[in-house]
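Undergrad: Have a peek at data.cif (mmCIF, N, CA and C atoms and all ligand atoms).
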```cif
data_target
loop_
_atom_site.group_PDB
_atom_site.id
_atom_site.type_symbol
_atom_site.label_atom_id
_atom_site.label_comp_id
_atom_site.auth_asym_id
_atom_site.auth_seq_id
_atom_site.Cartn_x
_atom_site.Cartn_y
_atom_site.Cartn_z
ATOM 1 N N MET C 1 -79.039 63.984 -184.889
ATOM 2 C CA MET C 1 -80.100 63.864 -185.885
ATOM 3 C C MET C 1 -81.184 62.917 -185.376
ATOM 4 N N ALA C 2 -82.377 63.402 -185.339
ATOM 5 C CA ALA C 2 -83.482 62.602 -184.830
ATOM 6 C C ALA C 2 -83.951 61.629 -185.895
ATOM 7 N N ALA C 3 -84.319 60.449 -185.450
ATOM 8 C CA ALA C 3 -84.879 59.470 -186.381
ATOM 9 C C ALA C 3 -86.240 59.948 -186.846
ATOM 10 N N ALA C 4 -86.566 59.608 -188.075
ATOM 11 C CA ALA C 4 -87.882 59.977 -188.591
ATOM 12 C C ALA C 4 -88.960 59.262 -187.786
ATOM 13 N N ALA C 5 -90.054 59.944 -187.539
ATOM 14 C CA ALA C 5 -91.169 59.307 -186.845
ATOM 15 C C ALA C 5 -91.677 58.166 -187.697
ATOM 16 N N PRO C 6 -91.938 57.036 -187.073
ATOM 17 C CA PRO C 6 -92.458 55.912 -187.856
ATOM 18 C C PRO C 6 -93.807 56.270 -188.453
ATOM 19 N N ARG C 7 -93.976 55.904 -189.680
ATOM 20 C CA ARG C 7 -95.256 56.151 -190.335
ATOM 21 C C ARG C 7 -95.796 54.837 -190.858
ATOM 22 N N VAL C 8 -97.097 54.757 -190.877
ATOM 23 C CA VAL C 8 -97.743 53.515 -191.255
ATOM 24 C C VAL C 8 -98.624 53.767 -192.459
ATOM 25 N N ARG C 9 -98.473 52.947 -193.466
ATOM 26 C CA ARG C 9 -99.330 53.067 -194.649
ATOM 27 C C ARG C 9 -100.697 52.466 -194.353
ATOM 28 N N ALA C 10 -101.724 53.172 -194.757
ATOM 29 C CA ALA C 10 -103.075 52.679 -194.544
ATOM 30 C C ALA C 10 -103.944 53.156 -195.687
ATOM 31 N N GLY C 11 -105.042 52.461 -195.873
ATOM 32 C CA GLY C 11 -105.976 52.847 -196.917
ATOM 33 C C GLY C 11 -107.362 53.022 -196.333
ATOM 34 N N CYS C 12 -108.140 53.896 -196.948
ATOM 35 C CA CYS C 12 -109.499 54.138 -196.477
ATOM 36 C C CYS C 12 -110.487 53.476 -197.420
ATOM 37 N N PRO C 13 -111.359 52.619 -196.894
ATOM 38 C CA PRO C 13 -112.355 51.955 -197.742
ATOM 39 C C PRO C 13 -113.501 52.893 -198.131
ATOM 40 N N HIS C 14 -113.603 54.032 -197.467
ATOM 41 C CA HIS C 14 -114.710 54.944 -197.752
ATOM 42 C C HIS C 14 -114.404 55.824 -198.952
ATOM 43 N N CYS C 15 -113.252 56.472 -198.942
ATOM 44 C CA CYS C 15 -112.936 57.366 -200.055
ATOM 45 C C CYS C 15 -111.849 56.758 -200.954
ATOM 46 N N ARG C 16 -111.393 55.559 -200.590
ATOM 47 C CA ARG C 16 -110.455 54.809 -201.419
ATOM 48 C C ARG C 16 -109.150 55.530 -201.696
ATOM 49 N N THR C 17 -108.683 56.265 -200.722
ATOM 50 C CA THR C 17 -107.348 56.823 -200.854
ATOM 51 C C THR C 17 -106.429 56.063 -199.915
ATOM 52 N N SER C 18 -105.148 56.119 -200.201
ATOM 53 C CA SER C 18 -104.199 55.561 -199.252
ATOM 54 C C SER C 18 -103.198 56.649 -198.897
ATOM 55 N N PHE C 19 -102.619 56.500 -197.731
ATOM 56 C CA PHE C 19 -101.821 57.582 -197.168
ATOM 57 C C PHE C 19 -100.931 56.997 -196.097
ATOM 58 N N GLU C 20 -100.062 57.816 -195.574
ATOM 59 C CA GLU C 20 -99.237 57.395 -194.452
ATOM 60 C C GLU C 20 -99.664 58.172 -193.222
ATOM 61 N N LEU C 21 -99.779 57.458 -192.126
ATOM 62 C CA LEU C 21 -100.204 58.071 -190.874
ATOM 63 C C LEU C 21 -99.078 57.999 -189.861
ATOM 64 N N ASP C 22 -99.001 58.994 -188.998
ATOM 65 C CA ASP C 22 -98.086 58.903 -187.871
ATOM 66 C C ASP C 22 -98.560 57.780 -186.963
ATOM 67 N N ALA C 23 -97.613 57.142 -186.302
ATOM 68 C CA ALA C 23 -97.973 56.023 -185.429
ATOM 69 C C ALA C 23 -99.001 56.450 -184.388
ATOM 70 N N ASP C 24 -98.935 57.699 -183.926
ATOM 71 C CA ASP C 24 -99.862 58.083 -182.859
ATOM 72 C C ASP C 24 -101.255 58.442 -183.380
ATOM 73 N N ALA C 25 -101.452 58.349 -184.697
ATOM 74 C CA ALA C 25 -102.786 58.569 -185.248
ATOM 75 C C ALA C 25 -103.582 57.268 -185.284
ATOM 76 N N LEU C 26 -102.920 56.172 -184.965
ATOM 77 C CA LEU C 26 -103.576 54.873 -185.019
ATOM 78 C C LEU C 26 -103.754 54.305 -183.627
ATOM 79 N N ARG C 27 -104.717 53.400 -183.538
ATOM 80 C CA ARG C 27 -104.942 52.658 -182.301
ATOM 81 C C ARG C 27 -104.995 51.190 -182.673
ATOM 82 N N LEU C 28 -104.421 50.378 -181.826
ATOM 83 C CA LEU C 28 -104.454 48.940 -182.061
ATOM 84 C C LEU C 28 -105.151 48.276 -180.886
ATOM 85 N N ALA C 29 -106.106 47.426 -181.192
ATOM 86 C CA ALA C 29 -106.811 46.694 -180.143
ATOM 87 C C ALA C 29 -106.538 45.215 -180.347
ATOM 88 N N ILE C 30 -105.990 44.599 -179.338
ATOM 89 C CA ILE C 30 -105.657 43.180 -179.434
ATOM 90 C C ILE C 30 -106.637 42.387 -178.590
ATOM 91 N N GLY C 31 -107.412 41.562 -179.272
ATOM 92 C CA GLY C 31 -108.403 40.759 -178.579
ATOM 93 C C GLY C 31 -107.903 39.348 -178.332
ATOM 94 N N ALA C 32 -108.788 38.517 -177.860
ATOM 95 C CA ALA C 32 -108.415 37.156 -177.525
ATOM 96 C C ALA C 32 -108.117 36.333 -178.775
ATOM 97 N N SER C 33 -108.709 36.721 -179.899
ATOM 98 C CA SER C 33 -108.476 35.980 -181.126
ATOM 99 C C SER C 33 -108.243 36.964 -182.258
ATOM 100 N N ALA C 34 -107.821 36.431 -183.403
ATOM 101 C CA ALA C 34 -107.553 37.286 -184.549
ATOM 102 C C ALA C 34 -108.805 38.051 -184.967
ATOM 103 N N ARG C 35 -109.953 37.462 -184.701
ATOM 104 C CA ARG C 35 -111.193 38.095 -185.117
ATOM 105 C C ARG C 35 -111.494 39.366 -184.335
ATOM 106 N N THR C 36 -110.964 39.446 -183.141
ATOM 107 C CA THR C 36 -111.223 40.634 -182.326
ATOM 108 C C THR C 36 -109.989 41.511 -182.208
ATOM 109 N N THR C 37 -109.052 41.281 -183.125
ATOM 110 C CA THR C 37 -107.859 42.114 -183.149
ATOM 111 C C THR C 37 -107.950 43.040 -184.349
ATOM 112 N N PHE C 38 -107.895 44.331 -184.105
ATOM 113 C CA PHE C 38 -108.079 45.274 -185.203
ATOM 114 C C PHE C 38 -107.342 46.570 -184.915
ATOM 115 N N TYR C 39 -107.168 47.360 -185.938
ATOM 116 C CA TYR C 39 -106.613 48.693 -185.737
ATOM 117 C C TYR C 39 -107.585 49.708 -186.302
ATOM 118 N N SER C 40 -107.506 50.893 -185.784
ATOM 119 C CA SER C 40 -108.447 51.915 -186.207
ATOM 120 C C SER C 40 -107.755 53.267 -186.309
ATOM 121 N N PHE C 41 -108.316 54.083 -187.149
ATOM 122 C CA PHE C 41 -107.797 55.443 -187.331
ATOM 123 C C PHE C 41 -108.891 56.283 -187.969
ATOM 124 N N THR C 42 -108.704 57.576 -187.953
ATOM 125 C CA THR C 42 -109.631 58.464 -188.637
ATOM 126 C C THR C 42 -109.007 58.875 -189.954
ATOM 127 N N CYS C 43 -109.742 58.669 -191.031
ATOM 128 C CA CYS C 43 -109.211 58.972 -192.359
ATOM 129 C C CYS C 43 -108.951 60.474 -192.492
ATOM 130 N N PRO C 44 -107.739 60.846 -192.894
ATOM 131 C CA PRO C 44 -107.430 62.269 -193.066
ATOM 132 C C PRO C 44 -108.110 62.850 -194.303
ATOM 133 N N GLY C 45 -108.587 61.973 -195.188
ATOM 134 C CA GLY C 45 -109.215 62.452 -196.400
ATOM 135 C C GLY C 45 -110.685 62.778 -196.206
ATOM 136 N N CYS C 46 -111.453 61.828 -195.641
ATOM 137 C CA CYS C 46 -112.895 62.016 -195.552
ATOM 138 C C CYS C 46 -113.388 62.095 -194.110
ATOM 139 N N GLY C 47 -112.514 61.841 -193.154
ATOM 140 C CA GLY C 47 -112.906 61.991 -191.759
ATOM 141 C C GLY C 47 -113.659 60.817 -191.181
ATOM 142 N N GLU C 48 -113.815 59.751 -191.957
ATOM 143 C CA GLU C 48 -114.508 58.567 -191.461
ATOM 144 C C GLU C 48 -113.616 57.808 -190.482
ATOM 145 N N ALA C 49 -114.243 57.202 -189.492
ATOM 146 C CA ALA C 49 -113.524 56.307 -188.604
ATOM 147 C C ALA C 49 -113.382 54.966 -189.306
ATOM 148 N N VAL C 50 -112.167 54.503 -189.445
ATOM 149 C CA VAL C 50 -111.906 53.255 -190.152
ATOM 150 C C VAL C 50 -111.421 52.219 -189.155
ATOM 151 N N ARG C 51 -111.943 51.011 -189.296
ATOM 152 C CA ARG C 51 -111.500 49.921 -188.441
ATOM 153 C C ARG C 51 -111.190 48.737 -189.336
ATOM 154 N N LYS C 52 -110.012 48.180 -189.169
ATOM 155 C CA LYS C 52 -109.607 47.066 -190.015
ATOM 156 C C LYS C 52 -109.030 45.948 -189.183
ATOM 157 N N PRO C 53 -109.254 44.720 -189.626
ATOM 158 C CA PRO C 53 -108.670 43.595 -188.907
ATOM 159 C C PRO C 53 -107.145 43.643 -188.995
ATOM 160 N N ALA C 54 -106.496 43.263 -187.918
ATOM 161 C CA ALA C 54 -105.042 43.272 -187.881
ATOM 162 C C ALA C 54 -104.524 41.855 -187.711
ATOM 163 N N GLY C 55 -103.838 41.369 -188.717
ATOM 164 C CA GLY C 55 -103.204 40.057 -188.615
ATOM 165 C C GLY C 55 -101.926 40.155 -187.800
ATOM 166 N N GLU C 56 -101.319 39.007 -187.610
ATOM 167 C CA GLU C 56 -100.112 38.941 -186.794
ATOM 168 C C GLU C 56 -99.024 39.890 -187.278
ATOM 169 N N ARG C 57 -98.846 39.924 -188.587
ATOM 170 C CA ARG C 57 -97.789 40.774 -189.141
ATOM 171 C C ARG C 57 -98.095 42.249 -188.929
ATOM 172 N N ILE C 58 -99.352 42.597 -189.061
ATOM 173 C CA ILE C 58 -99.732 43.991 -188.878
ATOM 174 C C ILE C 58 -99.564 44.401 -187.421
ATOM 175 N N VAL C 59 -99.937 43.489 -186.514
ATOM 176 C CA VAL C 59 -99.750 43.772 -185.092
ATOM 177 C C VAL C 59 -98.279 44.036 -184.805
ATOM 178 N N GLU C 60 -97.415 43.190 -185.358
ATOM 179 C CA GLU C 60 -95.982 43.374 -185.155
ATOM 180 C C GLU C 60 -95.510 44.710 -185.700
ATOM 181 N N LEU C 61 -95.983 45.015 -186.899
ATOM 182 C CA LEU C 61 -95.589 46.253 -187.556
ATOM 183 C C LEU C 61 -96.025 47.463 -186.738
ATOM 184 N N LEU C 62 -97.275 47.428 -186.293
ATOM 185 C CA LEU C 62 -97.827 48.581 -185.590
ATOM 186 C C LEU C 62 -97.204 48.752 -184.209
ATOM 187 N N THR C 63 -97.038 47.663 -183.492
ATOM 188 C CA THR C 63 -96.424 47.803 -182.173
ATOM 189 C C THR C 63 -94.973 48.235 -182.313
ATOM 190 N N GLY C 64 -94.313 47.732 -183.366
ATOM 191 C CA GLY C 64 -92.935 48.139 -183.615
ATOM 192 C C GLY C 64 -92.827 49.618 -183.942
ATOM 193 N N ALA C 65 -93.871 50.163 -184.552
ATOM 194 C CA ALA C 65 -93.882 51.579 -184.915
ATOM 195 C C ALA C 65 -94.291 52.452 -183.740
ATOM 196 N N GLY C 66 -94.716 51.834 -182.646
ATOM 197 C CA GLY C 66 -95.080 52.607 -181.467
ATOM 198 C C GLY C 66 -96.544 52.999 -181.403
ATOM 199 N N VAL C 67 -97.376 52.280 -182.132
ATOM 200 C CA VAL C 67 -98.811 52.558 -182.090
ATOM 201 C C VAL C 67 -99.372 52.188 -180.714
ATOM 202 N N ARG C 68 -100.239 53.039 -180.213
ATOM 203 C CA ARG C 68 -100.832 52.776 -178.900
ATOM 204 C C ARG C 68 -101.675 51.516 -178.959
ATOM 205 N N THR C 69 -101.456 50.637 -178.020
ATOM 206 C CA THR C 69 -102.109 49.326 -178.049
ATOM 207 C C THR C 69 -103.021 49.144 -176.843
ATOM 208 N N MET C 70 -104.176 48.588 -177.118
ATOM 209 C CA MET C 70 -105.131 48.321 -176.079
ATOM 210 C C MET C 70 -105.397 46.825 -176.091
ATOM 211 N N ARG C 71 -105.297 46.208 -174.933
ATOM 212 C CA ARG C 71 -105.591 44.775 -174.884
ATOM 213 C C ARG C 71 -106.996 44.547 -174.390
ATOM 214 N N LEU C 72 -107.764 43.824 -175.185
ATOM 215 C CA LEU C 72 -109.140 43.547 -174.820
ATOM 216 C C LEU C 72 -109.197 42.218 -174.099
ATOM 217 N N THR C 73 -109.922 42.203 -173.007
ATOM 218 C CA THR C 73 -109.993 40.953 -172.263
ATOM 219 C C THR C 73 -111.020 40.024 -172.867
ATOM 220 N N GLY C 74 -111.972 40.576 -173.619
ATOM 221 C CA GLY C 74 -112.968 39.745 -174.250
ATOM 222 C C GLY C 74 -114.025 39.240 -173.295
ATOM 223 N N ARG C 75 -114.116 39.880 -172.134
ATOM 224 C CA ARG C 75 -115.125 39.448 -171.175
ATOM 225 C C ARG C 75 -116.239 40.461 -171.060
HETATM 226 ZN ZN ZN X 1 -111.518 58.260 -196.313
#
```
Mind turning this structure into structure tokens?
Ligand SMILES: [Zn+2]

TA:
Amino acid sequence: MAAAAPRVRAGCPHCRTSFELDADALRLAIGASARTTFYSFTCPGCGEAVRKPAGERIVELLTGAGVRTMRLTGR
């Protein structure tokens, strides 16, 4: 029996819906500071590109779920 694919709850500020996304629908960018650390996805409801700040807990959650991570050098 295969484990369920990790899903991440997210909300869209444009159309104000919330939904669950597959981990591979999200991208996580980790910058030098919390201010440049964010995750992004395309809203399945309205198609807008959404970018949200990612705190430490969210980073842990997303990396644990297998979200693709990009490290920004900040240079
Ligand atoms: Zn939306």

Undergrad: As a ChimeraX atom specification, list the residues of chain C assigned to alpha helix (DSSP H) by DSSP on the backbone atoms of this structure.

TA: /C:56-65

Undergrad: Neighbouring residues of ligand ZN 1 (chain X) are defined here as those with any atom at most 7 Å from a ligand atom, counting only N, CA and C atoms and all ligand atoms; list them as a list in words.

TA: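 Result of the 7 Å neighbour search around ligand ZN 1 (chain X): Gly11, Cys12, Pro13, His14, Cys15, Arg16, Thr17, Thr42, Cys43, Pro44, Gly45, Cys46, Gly47 and Glu48 of chain C.
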
Undergrad: Show me as a VMD selection string the residues that reach within 8 Å of (-98.8, 59.8, -189.2), counting all atoms listed in the file and using the file's own coordinates.

TA: chain C and resid 5 to 8 19 to 26

Undergrad: Go ahead and compute the interatomic distance for atom CA of C:Arg9 and atom CA of C:Ala49, in Å to one decimal.

TA: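 Computed distance, atom CA of C:Arg9 to atom CA of C:Ala49, equals 15.8 Å.
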
Undergrad: DSSP says strand (DSSP E) for which residues of chain C? Put them as a ChimeraX atom specification?

TA: /C:7-11,18-22,26-30,38-42,49-53,68-71

Undergrad: For a test of reading the model, state the distance in Å between atom CA of C:Val50 and atom CA of C:Leu72, rounded to one decimal.

TA: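 Atom-to-atom, atom CA of C:Val50 to atom CA of C:Leu72, that is 18.4 Å.
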
Undergrad: Could you tell me how far atom CA of C:Arg27 lies from atom CA of C:Thr69, in Å and to one decimal?

TA: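 Between these atoms lies a distance of 6.1 Å.
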
Undergrad: Expanded to explicit residues, what is the PyMOL selection byres (((chain C and resi 52) around 6.5) and not hetatm) for this file, as a ChimeraX atom specification?

TA: /C:37-41,50-51,53-54

Undergrad: Could you list the residues chosen by the PyMOL selection byres (((chain C and resi 56 and name CA) around 12) and not hetatm and name CA) in this structure as a list in words?

TA: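 Against this file, the PyMOL selection byres (((chain C and resi 56 and name CA) around 12) and not hetatm and name CA) returns the residues Leu28, Ile30, Gly31, Ser33, Ala34, Arg35, Thr37, Phe38, Tyr39, Pro53, Ala54, Gly55, Arg57, Ile58, Val59, Glu60, Leu61, Leu62 and Thr63 of chain C.
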